[in-house]
>>> print(open('final-v9.txt').read())   # compact mmCIF, C-alpha atoms and all ligand atoms
# COMPACT_ATOMS: atom_id res chain seq x y z
CA MET U 1 -163.72 122.32 79.92
CA VAL U 2 -162.60 123.37 83.39
CA THR U 3 -161.67 127.00 83.86
CA GLU U 4 -158.49 127.97 85.68
CA CYS U 5 -159.25 129.81 88.90
CA MET U 6 -157.69 133.09 89.86
CA SER U 7 -155.89 133.04 93.17
CA LYS U 8 -156.18 135.89 95.71
CA ALA U 9 -153.61 136.46 98.43
CA VAL U 10 -155.23 136.56 101.85
CA ASN U 11 -152.92 137.10 104.78
CA ILE U 12 -154.45 134.88 107.44
CA TYR U 13 -153.06 131.90 105.51
CA THR U 14 -149.39 132.79 105.84
CA ASP U 15 -148.89 130.49 108.85
CA HIS U 16 -149.95 126.86 108.74
CA PHE U 17 -153.02 125.82 110.73
CA LEU U 18 -155.18 122.77 110.32
CA LEU U 19 -158.37 123.38 108.32
CA ASP U 20 -161.70 121.85 109.28
CA GLU U 21 -165.13 121.53 107.69
CA LYS U 22 -165.96 125.16 108.68
CA THR U 23 -162.69 126.99 107.95
CA ILE U 24 -162.22 125.18 104.65
CA ILE U 25 -165.17 127.10 103.17
CA ASP U 26 -163.56 130.47 103.91
CA PHE U 27 -160.23 129.13 102.70
CA VAL U 28 -161.72 128.18 99.35
CA LYS U 29 -163.55 131.49 98.95
CA ASP U 30 -160.52 133.52 100.04
CA ASN U 31 -158.07 131.76 97.77
CA LEU U 32 -159.99 130.90 94.62
CA ASP U 33 -162.63 132.41 92.36
CA TYR U 34 -164.08 128.98 91.64
CA PHE U 35 -167.36 129.59 93.52
CA ASP U 36 -169.44 132.77 93.75
CA ARG U 37 -168.44 134.80 96.80
CA ASP U 38 -172.00 134.55 98.18
CA ALA U 39 -172.49 130.87 97.29
CA SER U 40 -173.80 128.66 100.06
CA LEU U 41 -171.13 125.97 100.21
CA HIS U 42 -170.99 122.60 101.93
CA ALA U 43 -167.85 120.80 103.11
CA LYS U 44 -167.03 117.30 104.25
CA GLU U 45 -163.82 115.58 105.24
CA ILE U 46 -163.55 112.58 102.93
CA GLY U 47 -159.98 111.38 103.51
CA ASP U 48 -159.68 107.70 104.35
CA GLY U 49 -155.86 107.65 104.35
CA ASN U 50 -153.37 107.64 107.20
CA ILE U 51 -151.35 110.69 106.37
CA ASN U 52 -153.25 113.83 105.29
CA TYR U 53 -156.59 115.63 105.52
CA VAL U 54 -158.84 115.62 102.44
CA PHE U 55 -161.99 117.77 102.13
CA ARG U 56 -164.67 118.01 99.49
CA VAL U 57 -166.34 121.42 99.08
CA TRP U 58 -169.40 121.78 96.89
CA ASP U 59 -172.15 124.16 95.83
CA GLU U 60 -175.49 122.37 95.79
CA LYS U 61 -177.00 124.99 93.48
CA THR U 62 -174.47 124.82 90.65
CA GLY U 63 -173.21 121.28 91.24
CA ARG U 64 -169.63 122.58 91.21
CA SER U 65 -167.14 120.99 93.61
CA LEU U 66 -163.48 120.90 94.59
CA VAL U 67 -161.20 118.74 96.68
CA ILE U 68 -158.58 120.15 99.03
CA LYS U 69 -155.78 117.98 100.43
CA GLN U 70 -153.91 119.44 103.37
CA ALA U 71 -150.75 118.11 104.97
CA ASP U 72 -150.03 118.53 108.65
CA LYS U 73 -146.65 118.42 110.35
CA LYS U 74 -147.86 115.29 112.12
CA LEU U 75 -149.28 112.11 110.62
CA LYS U 76 -153.07 112.04 110.78
CA SER U 77 -153.13 108.44 112.03
CA SER U 78 -150.35 108.26 114.64
CA GLY U 79 -149.39 111.88 115.37
CA ARG U 80 -145.78 111.07 114.46
CA PRO U 81 -143.94 114.13 113.06
CA LEU U 82 -143.45 114.14 109.28
CA GLY U 83 -142.04 116.99 107.16
CA VAL U 84 -144.48 118.78 104.85
CA TYR U 85 -142.17 119.02 101.79
CA ARG U 86 -144.03 115.95 100.48
CA ASN U 87 -147.04 118.20 99.90
CA LYS U 88 -145.12 120.59 97.66
CA ILE U 89 -143.75 117.58 95.78
CA GLU U 90 -147.30 116.27 95.32
CA ALA U 91 -148.53 119.60 93.92
CA GLU U 92 -145.62 119.91 91.49
CA ILE U 93 -145.78 116.27 90.39
CA LEU U 94 -149.50 116.39 89.63
CA LYS U 95 -148.90 119.41 87.39
CA LEU U 96 -146.00 117.68 85.65
CA GLN U 97 -147.89 114.40 85.23
CA ASN U 98 -150.82 116.30 83.77
CA SER U 99 -148.49 117.80 81.17
CA PHE U 100 -147.17 114.37 80.13
CA ALA U 101 -150.43 112.41 80.47
CA PRO U 102 -153.21 115.00 80.16
CA GLY U 103 -156.37 114.19 82.10
CA LYS U 104 -154.95 111.11 83.83
CA VAL U 105 -154.42 112.93 87.16
CA PRO U 106 -156.68 115.46 88.92
CA HIS U 107 -156.28 118.99 87.60
CA ILE U 108 -154.60 121.30 90.15
CA TYR U 109 -156.44 124.60 90.64
CA HIS U 110 -154.40 126.15 93.42
CA TYR U 111 -151.55 125.46 95.80
CA ASN U 112 -151.05 127.33 99.05
CA GLU U 113 -147.56 126.47 100.19
CA SER U 114 -147.70 127.95 103.70
CA MET U 115 -150.97 126.12 104.42
CA CYS U 116 -149.69 122.94 102.66
CA ALA U 117 -153.05 122.86 100.93
CA LEU U 118 -153.57 121.55 97.44
CA THR U 119 -156.87 122.37 95.72
CA MET U 120 -157.76 120.05 92.87
CA GLU U 121 -160.42 118.63 90.60
CA ASP U 122 -163.02 116.52 92.36
CA ILE U 123 -162.77 113.01 90.92
CA SER U 124 -165.67 111.56 92.92
CA ASP U 125 -167.19 110.09 89.77
CA PHE U 126 -164.18 107.75 89.58
CA LYS U 127 -163.88 104.74 91.86
CA ASN U 128 -160.94 103.53 93.94
CA LEU U 129 -159.52 100.68 91.83
CA ARG U 130 -158.84 98.40 94.81
CA THR U 131 -162.45 98.75 95.97
CA ALA U 132 -163.82 98.35 92.45
CA LEU U 133 -161.84 95.14 91.95
CA LEU U 134 -162.93 93.78 95.33
CA GLU U 135 -166.50 94.33 94.14
CA GLY U 136 -165.68 92.21 91.10
CA ASN U 137 -165.84 94.97 88.47
CA ILE U 138 -164.10 94.33 85.18
CA TYR U 139 -162.46 97.15 83.19
CA GLU U 140 -161.37 95.95 79.79
CA ASP U 141 -159.23 99.07 79.28
CA LEU U 142 -157.30 98.95 82.55
CA SER U 143 -154.05 97.54 81.12
CA ARG U 144 -154.10 100.04 78.25
CA GLU U 145 -154.91 103.02 80.46
CA ILE U 146 -152.34 102.33 83.17
CA THR U 147 -149.53 101.44 80.75
CA ASP U 148 -150.25 104.60 78.73
CA PHE U 149 -149.98 106.64 81.93
CA MET U 150 -146.77 104.97 83.07
CA VAL U 151 -145.05 105.08 79.71
CA GLN U 152 -145.94 108.75 79.15
CA VAL U 153 -145.00 109.96 82.61
CA LEU U 154 -142.05 107.76 83.44
CA LEU U 155 -140.15 107.63 80.17
CA SER U 156 -140.66 111.33 79.48
CA THR U 157 -138.80 112.20 82.67
CA THR U 158 -135.72 110.06 81.92
CA ASP U 159 -132.66 111.76 80.47
CA LEU U 160 -133.13 109.68 77.36
CA LEU U 161 -136.04 111.96 76.46
CA MET U 162 -135.69 114.97 78.76
CA ASP U 163 -132.94 117.56 78.55
CA ARG U 164 -130.21 116.16 80.83
CA HIS U 165 -129.61 119.41 82.68
CA MET U 166 -133.28 119.80 83.42
CA LYS U 167 -133.42 116.18 84.58
CA LYS U 168 -130.63 116.84 87.09
CA GLU U 169 -132.49 119.91 88.38
CA PHE U 170 -135.53 117.67 88.86
CA VAL U 171 -133.50 115.00 90.66
CA LYS U 172 -132.41 117.71 93.11
CA LYS U 173 -135.83 119.31 93.48
CA PHE U 174 -137.63 116.04 94.11
CA ILE U 175 -135.34 114.57 96.73
CA ASN U 176 -137.87 113.13 99.16
CA VAL U 177 -135.84 112.04 102.17
CA GLU U 178 -138.58 111.23 104.65
CA LEU U 179 -140.98 109.42 102.35
CA CYS U 180 -138.19 107.39 100.72
CA ASP U 181 -137.06 106.49 104.22
CA ILE U 182 -140.50 104.98 104.89
CA SER U 183 -140.27 102.77 101.76
CA GLU U 184 -136.66 101.80 102.41
CA ASP U 185 -137.76 100.50 105.78
CA LEU U 186 -141.26 99.13 105.18
CA VAL U 187 -140.65 97.65 101.74
CA PHE U 188 -136.98 96.78 101.59
CA THR U 189 -135.92 96.03 105.18
CA GLU U 190 -138.49 95.11 107.81
CA PRO U 191 -140.15 92.19 105.99
CA TYR U 192 -136.80 90.35 105.96
CA PHE U 193 -135.53 91.20 109.46
CA ASN U 194 -138.47 92.33 111.56
CA TYR U 195 -136.00 94.49 113.46
CA LYS U 196 -138.75 96.86 114.64
CA ASP U 197 -140.95 93.93 115.60
CA ARG U 198 -143.76 95.32 113.45
CA ASN U 199 -144.30 92.45 111.02
CA VAL U 200 -147.79 90.99 111.19
CA ILE U 201 -147.81 87.34 110.15
CA THR U 202 -150.97 85.28 109.75
CA ALA U 203 -151.22 82.65 112.49
CA GLY U 204 -149.92 79.35 111.12
CA ASN U 205 -147.40 80.99 108.78
CA GLU U 206 -144.76 81.95 111.37
CA ASP U 207 -142.41 78.99 110.70
CA PHE U 208 -142.93 79.33 106.97
CA VAL U 209 -141.91 83.02 107.05
CA ASN U 210 -138.96 82.17 109.28
CA ALA U 211 -137.65 79.63 106.80
CA VAL U 212 -138.57 81.24 103.48
CA LEU U 213 -137.84 84.89 104.27
CA TYR U 214 -135.79 85.40 107.45
CA GLY U 215 -133.60 82.34 106.81
CA ASP U 216 -132.72 82.77 103.14
CA GLU U 217 -129.42 84.60 102.64
CA GLY U 218 -129.67 84.29 98.85
CA LEU U 219 -133.02 86.11 98.94
CA LYS U 220 -131.64 88.78 101.26
CA LYS U 221 -128.81 89.47 98.86
CA GLU U 222 -131.26 89.98 95.98
CA VAL U 223 -133.50 92.22 98.10
CA GLY U 224 -130.33 94.14 98.94
CA VAL U 225 -129.70 94.66 95.25
CA LEU U 226 -133.27 95.91 94.70
CA ARG U 227 -133.01 98.19 97.74
CA ASN U 228 -129.81 99.64 96.37
CA THR U 229 -131.51 100.18 93.01
CA PHE U 230 -134.44 101.91 94.72
CA MET U 231 -132.05 104.20 96.57
CA ASN U 232 -129.58 104.95 93.78
CA ALA U 233 -131.14 104.54 90.34
CA SER U 234 -132.29 108.10 89.57
CA GLN U 235 -133.92 106.94 86.37
CA ALA U 236 -137.28 108.72 86.19
CA LEU U 237 -139.72 110.73 88.23
CA ILE U 238 -141.64 107.85 89.75
CA HIS U 239 -144.93 108.02 91.63
CA GLY U 240 -143.49 105.99 94.48
CA ASP U 241 -146.78 104.58 95.84
CA LEU U 242 -148.63 103.34 92.78
CA HIS U 243 -150.81 100.73 94.46
CA SER U 244 -154.41 100.09 93.40
CA GLY U 245 -155.71 102.56 96.03
CA SER U 246 -153.86 105.39 94.24
CA ILE U 247 -155.60 104.60 90.94
CA PHE U 248 -159.20 105.72 90.38
CA ILE U 249 -161.25 104.38 87.51
CA ASN U 250 -164.54 104.51 85.62
CA GLU U 251 -165.69 103.70 82.09
CA THR U 252 -164.04 106.86 80.75
CA GLY U 253 -160.54 106.07 82.03
CA ILE U 254 -158.28 106.44 85.06
CA LYS U 255 -157.11 109.19 87.40
CA VAL U 256 -153.96 108.62 89.43
CA ILE U 257 -153.72 110.40 92.79
CA ASP U 258 -151.45 110.75 95.82
CA PRO U 259 -147.88 111.08 94.42
CA GLU U 260 -146.46 112.31 97.73
CA PHE U 261 -143.81 109.53 97.67
CA ALA U 262 -142.53 110.71 94.29
CA PHE U 263 -138.79 111.04 93.64
CA TYR U 264 -136.25 110.17 90.95
CA GLY U 265 -136.11 106.39 91.23
CA PRO U 266 -136.28 103.18 89.19
CA ILE U 267 -139.20 102.89 86.76
CA GLY U 268 -139.66 99.24 87.72
CA TYR U 269 -140.73 100.30 91.20
CA ASP U 270 -143.95 101.85 89.85
CA VAL U 271 -144.69 99.15 87.29
CA GLY U 272 -143.92 96.46 89.87
CA ASN U 273 -146.22 98.09 92.40
CA VAL U 274 -149.13 98.03 89.97
CA ILE U 275 -148.52 94.38 89.09
CA GLY U 276 -147.89 93.30 92.69
CA ASN U 277 -151.13 94.87 93.88
CA LEU U 278 -153.20 93.26 91.13
CA PHE U 279 -151.97 89.88 92.40
CA PHE U 280 -153.82 90.74 95.64
CA SER U 281 -157.07 91.26 93.72
CA LEU U 282 -156.49 87.90 92.06
CA ALA U 283 -155.64 86.19 95.37
CA ASN U 284 -158.72 87.65 97.03
CA LYS U 285 -161.09 86.37 94.35
CA LEU U 286 -159.45 82.94 94.18
CA VAL U 287 -160.33 82.47 97.85
CA THR U 288 -163.53 84.46 98.32
CA ALA U 289 -165.23 83.94 94.94
CA PRO U 290 -163.57 81.08 93.01
CA ASP U 291 -166.68 80.82 90.82
CA HIS U 292 -166.11 84.31 89.42
CA THR U 293 -164.12 82.86 86.56
CA ASP U 294 -164.79 85.84 84.28
CA PHE U 295 -163.16 88.16 86.77
CA ILE U 296 -160.33 85.76 87.53
CA SER U 297 -159.37 85.26 83.89
CA TRP U 298 -159.70 88.99 83.22
CA ILE U 299 -157.44 89.99 86.13
CA GLU U 300 -154.86 87.36 85.10
CA ARG U 301 -154.96 88.69 81.55
CA THR U 302 -154.69 92.25 82.79
CA ILE U 303 -151.58 91.52 84.88
CA SER U 304 -150.04 89.76 81.93
CA GLU U 305 -150.95 92.58 79.50
CA ILE U 306 -149.54 95.26 81.80
CA PHE U 307 -146.13 93.58 81.62
CA ASP U 308 -146.31 93.03 77.85
CA CYS U 309 -147.87 96.38 76.90
CA PHE U 310 -145.53 98.39 79.09
CA LYS U 311 -142.55 96.67 77.51
CA GLU U 312 -143.82 97.12 73.96
CA LYS U 313 -144.90 100.74 74.43
CA ALA U 314 -141.64 101.64 76.18
CA VAL U 315 -139.56 100.25 73.31
CA HIS U 316 -141.79 102.05 70.79
CA LYS U 317 -141.65 105.41 72.58
CA LEU U 318 -137.88 105.30 73.01
CA THR U 319 -137.27 104.10 69.46
CA THR U 320 -139.40 106.84 67.94
CA GLU U 321 -138.35 109.71 70.21
CA ILE U 322 -134.67 109.27 71.11
CA GLU U 323 -132.35 111.39 69.00
CA PHE U 324 -128.95 110.56 70.54
CA PRO U 325 -127.18 108.07 68.17
CA LEU U 326 -125.52 105.92 70.86
CA TYR U 327 -128.94 105.01 72.22
CA ASN U 328 -129.66 102.67 69.31
CA ASP U 329 -132.00 99.68 69.12
CA GLY U 330 -129.58 97.40 71.01
CA PHE U 331 -129.27 99.95 73.80
CA ILE U 332 -133.05 100.46 73.98
CA ASN U 333 -133.75 96.73 74.18
CA ASP U 334 -131.27 96.29 77.04
CA TYR U 335 -132.58 99.40 78.81
CA VAL U 336 -136.18 98.17 78.68
CA ALA U 337 -135.13 94.63 79.68
CA GLY U 338 -133.54 96.21 82.77
CA ILE U 339 -136.81 98.01 83.59
CA MET U 340 -138.74 94.75 83.20
CA SER U 341 -136.47 92.79 85.52
CA ASP U 342 -136.69 95.59 88.10
CA THR U 343 -140.47 95.45 87.61
CA VAL U 344 -140.66 91.75 88.42
CA GLY U 345 -138.33 92.10 91.42
CA MET U 346 -140.21 95.09 92.79
CA ALA U 347 -143.55 93.30 92.30
CA GLY U 348 -141.99 90.65 94.52
CA THR U 349 -140.92 93.07 97.25
CA GLU U 350 -144.37 94.75 97.16
CA ILE U 351 -146.13 91.39 97.54
CA ILE U 352 -143.95 90.36 100.47
CA ARG U 353 -144.20 93.65 102.31
CA ARG U 354 -148.00 93.59 102.20
CA VAL U 355 -148.23 89.94 103.27
CA VAL U 356 -145.82 90.09 106.21
CA GLY U 357 -145.35 93.81 106.86
CA ASP U 358 -147.71 95.91 108.98
CA THR U 359 -149.22 97.99 106.14
CA LYS U 360 -151.78 95.51 104.89
CA VAL U 361 -154.11 95.69 101.91
CA LYS U 362 -157.87 95.20 102.12
CA ASP U 363 -157.73 92.36 99.58
CA LEU U 364 -155.90 90.19 102.13
CA ILE U 365 -157.51 91.62 105.28
CA LEU U 366 -160.90 90.58 103.91
CA ILE U 367 -159.88 86.91 103.60
CA LYS U 368 -160.92 85.30 106.86
CA GLU U 369 -158.26 83.61 109.02
CA GLY U 370 -157.86 79.88 108.40
CA LYS U 371 -156.37 77.30 106.10
CA GLU U 372 -157.30 79.06 102.83
CA LYS U 373 -155.67 82.29 103.97
CA ILE U 374 -152.52 80.45 105.06
CA LYS U 375 -152.35 78.73 101.68
CA ILE U 376 -152.90 81.78 99.51
CA GLU U 377 -150.40 83.85 101.50
CA ARG U 378 -147.79 81.11 101.15
CA ALA U 379 -148.44 80.99 97.41
CA LEU U 380 -148.00 84.77 97.23
CA ILE U 381 -144.76 84.66 99.23
CA LEU U 382 -143.30 81.81 97.13
CA THR U 383 -144.25 83.65 93.93
CA ALA U 384 -142.66 86.84 95.24
CA VAL U 385 -139.46 85.06 96.24
CA SER U 386 -139.19 83.64 92.74
CA PHE U 387 -139.93 87.07 91.23
CA ILE U 388 -137.09 88.56 93.28
CA LYS U 389 -134.52 85.82 92.69
CA ASN U 390 -135.31 85.04 89.05
CA ARG U 391 -136.42 88.51 87.95
CA LYS U 392 -134.16 88.59 84.89
CA THR U 393 -135.62 85.38 83.45
CA TYR U 394 -139.25 86.43 82.84
CA THR U 395 -139.80 87.52 79.27
CA CYS U 396 -143.58 87.93 79.08
CA GLY U 397 -146.51 88.65 81.37
CA MET U 398 -148.04 85.19 81.16
CA GLU U 399 -144.92 83.73 82.79
CA LEU U 400 -145.76 85.73 85.91
CA ILE U 401 -149.22 84.16 86.07
CA ASP U 402 -147.77 80.69 85.40
CA GLU U 403 -145.30 81.19 88.26
CA PHE U 404 -148.13 82.07 90.64
CA ARG U 405 -150.16 79.02 89.51
CA ARG U 406 -147.13 76.76 90.02
CA CYS U 407 -146.45 78.15 93.48
CA LYS U 408 -150.12 77.83 94.42
CA GLU U 409 -150.10 74.18 93.34
CA SER U 410 -146.95 73.49 95.35
CA VAL U 411 -148.36 74.74 98.66
CA ASN U 412 -149.22 71.95 101.02
CA VAL U 413 -150.87 72.79 104.33
N1 LIG U 501 -159.17 114.75 93.83
C1 LIG U 501 -159.95 113.96 94.58
N2 LIG U 501 -161.27 113.85 94.31
C2 LIG U 501 -162.09 113.04 95.04
N3 LIG U 501 -161.66 112.33 96.10
C3 LIG U 501 -160.35 112.40 96.43
C4 LIG U 501 -159.43 113.21 95.70
N4 LIG U 501 -158.20 113.11 96.27
C5 LIG U 501 -158.35 112.26 97.31
N5 LIG U 501 -159.64 111.83 97.42
C6 LIG U 501 -160.19 110.90 98.41
O1 LIG U 501 -159.44 110.98 99.60
C7 LIG U 501 -158.81 109.71 99.86
C8 LIG U 501 -157.43 109.94 100.45
O2 LIG U 501 -156.63 110.63 99.51
P1 LIG U 501 -155.06 110.38 99.45
O3 LIG U 501 -154.79 108.95 99.21
O4 LIG U 501 -154.49 111.37 98.49
O5 LIG U 501 -154.71 110.78 100.95
P2 LIG U 501 -153.48 110.34 101.89
O6 LIG U 501 -153.72 110.97 103.20
O7 LIG U 501 -152.21 110.69 101.19
O8 LIG U 501 -153.70 108.79 102.02
P3 LIG U 501 -152.64 107.60 102.24
O9 LIG U 501 -152.64 107.27 103.68
O10 LIG U 501 -153.22 106.51 101.39
O11 LIG U 501 -151.31 108.09 101.74
C9 LIG U 501 -158.79 108.99 98.54
O12 LIG U 501 -158.76 107.59 98.71
C10 LIG U 501 -160.09 109.47 97.91
O13 LIG U 501 -161.17 108.74 98.42
MG MG U 502 -150.71 109.42 100.55
>>> encode(input="final-v9.txt", output="structure tokens")
Amino acid sequence: MVTECMSKAVNIYTDHFLLDEKTIIDFVKDNLDYFDRDASLHAKEIGDGNINYVFRVWDEKTGRSLVIKQADKKLKSSGRPLGVYRNKIEAEILKLQNSFAPGKVPHIYHYNESMCALTMEDISDFKNLRTALLEGNIYEDLSREITDFMVQVLLSTTDLLMDRHMKKEFVKKFINVELCDISEDLVFTEPYFNYKDRNVITAGNEDFVNAVLYGDEGLKKEVGVLRNTFMNASQALIHGDLHSGSIFINETGIKVIDPEFAFYGPIGYDVGNVIGNLFFSLANKLVTAPDHTDFISWIERTISEIFDCFKEKAVHKLTTEIEFPLYNDGFINDYVAGIMSDTVGMAGTEIIRRVVGDTKVKDLILIKEGKEKIKIERALILTAVSFIKNRKTYTCGMELIDEFRRCKESVNV
């Protein structure tokens, strides 16, 4: 059992300044009662992301530790200005998610708004899911854990289950202009137009991308529909960046981190992100370790189960918890079918943006340039195009895997 820490107001933290491995120790002692005042603490910057600063602070003697995530007014990687409201959103969302899915996100101990510093549970005994999958680890409970999390957090924040006035207050509170702007551009625009000249296409796939993405008006129309859904469907409080690097895992379960892109958006965006990113784990292993058949069949099964379990659990939760009589079984089935078609479409847009956009995933980066990489990326793109165009036609998870197999077979290089 973790004890809540008492917060103390200390005035030097009223104006934002960037913490470092020295000042973070005073910050922790001045703001929280988590460690003894005279404890000899250690600190290390552990952040490997592009946006914020993440520190671990620990007491060797007691073994106690904390993690502090601080936002700056400029991006850590490029120095580009970015508003800090995302940090307040992250703090609030983690608390909310913890109330709907207890233990599945890091516990928040303290939030200092002027310093944009979020102090939370250290989850170092959990492993980054993307890394764990690249190492070939199998987690039999992954589909159950992640669908439990998504169903609990996402459906509970819809106005089917939440008081509708409160939901509207949340929509307002969690408007996330700058971070949504990033997704609207990187996910739903640039991969199809390259208007900022930032797409990064594997050598040998330029003509393919020209024909299959830039030259397909039918595809663009469907991406337009998904973009419009992303921007206008205030359905639930979504995580907004639920890729496999935001999910941490060990034998006891999962912890989901980094909800700074959260806003009221379509549920299918989160579910589609999870599914889309697991296709990268599958693609990586098919090329780099085709003999790892245990892993390959498990990851295929997991993708398929995530689709099926989410659908089944969503219908069950809504059927058992909705009280409003117009939202009957027929309504619920249509509502969940809509989420599932968004899911498939958004898995498609996630796959395409990682293959041709400039924010790559390790799973693909680690495949060495050459014929095999060209082939697997074409298979991913063709699968994604079908997911986007035919998103309403998939009725179970195995059909997604079959689509990928078909597309992979059809690629001729
Ligand atoms: N509560 C935590 N406990 C342990 N490690 C953590 C915790 N939170 C973050 N980390 C570590 O810091 C890394 C970066 O965290 P996070 O993804 O939240 O930062 P970010 O700057 O928002 O990154 P990104 O560029 O991916 O958005 C994580 O991948 C993880 O290794
Ligand atoms: Mg982040």
>>> closest_residue(input="final-v9.txt", among="U:Gly245, U:Gly338, U:Gly272, U:Gly397", to="U:Ala384", atoms="only C-alpha atoms")
U:Gly272
>>> atom_distance(input="final-v9.txt", atom1="atom CA of U:Lys375", atom2="atom CA of U:Tyr214")
18.8 Å
>>> residues_around(input="final-v9.txt", residues="U:Ile401", least_positions_apart="2", cutoff="10 Å", atoms="only C-alpha atoms", output="count of residues only")
15
>>> closest_atom_pairs(input="final-v9.txt", of="chain U", to="ligand MG 502 (chain U)", cutoff="9 Å", atoms="all atoms listed in the file", output="Markdown table")
| residue | atom | partner | partner_atom | distance |
| --- | --- | --- | --- | --- |
| U:Gly49 | CA | U:MG502 | MG | 6.6 |
| U:Asn50 | CA | U:MG502 | MG | 7.4 |
| U:Ile51 | CA | U:MG502 | MG | 6.0 |
| U:Asn52 | CA | U:MG502 | MG | 7.0 |
| U:Asp241 | CA | U:MG502 | MG | 7.8 |
| U:Ser246 | CA | U:MG502 | MG | 8.1 |
| U:Ile257 | CA | U:MG502 | MG | 8.4 |
| U:Asp258 | CA | U:MG502 | MG | 5.0 |
| U:Pro259 | CA | U:MG502 | MG | 7.0 |
| U:Glu260 | CA | U:MG502 | MG | 5.9 |
| U:Phe261 | CA | U:MG502 | MG | 7.5 |
>>> closest_residue(input="final-v9.txt", among="U:Glu312, U:Glu90, U:Glu121, U:Glu145", to="ligand LIG 501 (chain U)", atoms="only C-alpha atoms and all ligand atoms")
U:Glu121
>>> residues_near_ligand(input="final-v9.txt", ligand="ligand LIG 501 (chain U)", cutoff="9 Å", atoms="only C-alpha atoms and all ligand atoms", output="ChimeraX atom specification")
/U:45-56,66-71,75-77,105-108,119-128,241,245-248,255,257-261
>>> residues_around(input="final-v9.txt", residues="U:Tyr394", least_positions_apart="5", cutoff="9 Å", atoms="all atoms listed in the file", output="VMD selection string")
chain U and resid 340 to 341 344 387 399 to 400
>>> write_last_selection(input="final-v9.txt", atoms="C-alpha atoms", output="PDB file, in the coordinates of the input")
ATOM      1  CA  MET U 340    -138.740  94.750  83.200  1.00  0.00           C
ATOM      2  CA  SER U 341    -136.470  92.790  85.520  1.00  0.00           C
ATOM      3  CA  VAL U 344    -140.660  91.750  88.420  1.00  0.00           C
ATOM      4  CA  PHE U 387    -139.930  87.070  91.230  1.00  0.00           C
ATOM      5  CA  GLU U 399    -144.920  83.730  82.790  1.00  0.00           C
ATOM      6  CA  LEU U 400    -145.760  85.730  85.910  1.00  0.00           C
TER       7      LEU U 400
END
>>> residues_around(input="final-v9.txt", residues="U:Glu323", least_positions_apart="3", cutoff="9 Å", atoms="all atoms listed in the file", output="list in words")
Leu160, Leu161, Thr319, Thr320, Leu326 and Tyr327 of chain U
>>> closest_residue(input="final-v9.txt", among="U:Gly253, U:Lys220, U:His316, U:Glu321", to="U:Thr349", atoms="only C-alpha atoms")
U:Lys220
>>> atom_distance(input="final-v9.txt", atom1="atom CA of U:Ala289", atom2="atom CA of U:Ile138")
14.3 Å
>>> residues_around(input="final-v9.txt", residues="U:Thr229", least_positions_apart="3", cutoff="12 Å", atoms="all atoms listed in the file", output="MDAnalysis selection string")
chainID U and resid 184 188 222:226 232:235 264:269 338:339 341:343 345:346
>>> write_last_selection(input="final-v9.txt", atoms="C-alpha atoms", output="short mmCIF file (atom, residue, chain, number, x, y, z; two decimals), in the frame of the given file")
data_model
loop_
_atom_site.label_atom_id
_atom_site.label_comp_id
_atom_site.auth_asym_id
_atom_site.auth_seq_id
_atom_site.Cartn_x
_atom_site.Cartn_y
_atom_site.Cartn_z
CA GLU U 184 -136.66 101.80 102.41
CA PHE U 188 -136.98 96.78 101.59
CA GLU U 222 -131.26 89.98 95.98
CA VAL U 223 -133.50 92.22 98.10
CA GLY U 224 -130.33 94.14 98.94
CA VAL U 225 -129.70 94.66 95.25
CA LEU U 226 -133.27 95.91 94.70
CA ASN U 232 -129.58 104.95 93.78
CA ALA U 233 -131.14 104.54 90.34
CA SER U 234 -132.29 108.10 89.57
CA GLN U 235 -133.92 106.94 86.37
CA TYR U 264 -136.25 110.17 90.95
CA GLY U 265 -136.11 106.39 91.23
CA PRO U 266 -136.28 103.18 89.19
CA ILE U 267 -139.20 102.89 86.76
CA GLY U 268 -139.66 99.24 87.72
CA TYR U 269 -140.73 100.30 91.20
CA GLY U 338 -133.54 96.21 82.77
CA ILE U 339 -136.81 98.01 83.59
CA SER U 341 -136.47 92.79 85.52
CA ASP U 342 -136.69 95.59 88.10
CA THR U 343 -140.47 95.45 87.61
CA GLY U 345 -138.33 92.10 91.42
CA MET U 346 -140.21 95.09 92.79
#
>>> residues_around(input="final-v9.txt", residues="U:Leu242", least_positions_apart="2", cutoff="7 Å", atoms="only C-alpha atoms", output="JSON, numbers by chain")
{"U": [239, 240, 244, 246, 270, 273, 274]}
>>> closest_residue(input="final-v9.txt", among="U:Asn199, U:Thr14, U:Ser183, U:Asn250", to="U:Cys116", atoms="only C-alpha atoms")
U:Thr14
>>> closest_residue(input="final-v9.txt", among="U:Asp185, U:Val355, U:His243, U:Leu318", to="U:Gly330", atoms="only C-alpha atoms")
U:Leu318
>>> residues_near_point(input="final-v9.txt", point="(-159.2, 83.2, 94.3)", cutoff="12 Å", atoms="all atoms listed in the file", output="number ranges by chain")
U: 134, 136, 279-297, 299-300, 363-364, 367, 372-373, 375-377, 379-380, 404-405, 408
>>> atom_distance(input="final-v9.txt", atom1="atom CA of U:Phe208", atom2="atom CA of U:Ile374")
9.8 Å
>>> residues_near_point(input="final-v9.txt", point="(-154.6, 95.6, 81.9)", cutoff="10 Å", atoms="all atoms listed in the file", output="ChimeraX atom specification")
/U:139-147,275,278,298-310
>>> closest_residue(input="final-v9.txt", among="U:Phe17, U:Phe324, U:Phe149, U:Phe100", to="U:Lys74", atoms="all atoms listed in the file")
U:Phe17
>>> axis_aligned_box(input="final-v9.txt", around="stretch 41-49 of chain U", padding_each_side="3 Å", output="AutoDock Vina command-line options")
--center_x -163.5 --center_y 116.8 --center_z 102.7 --size_x 21.3 --size_y 24.3 --size_z 11.0
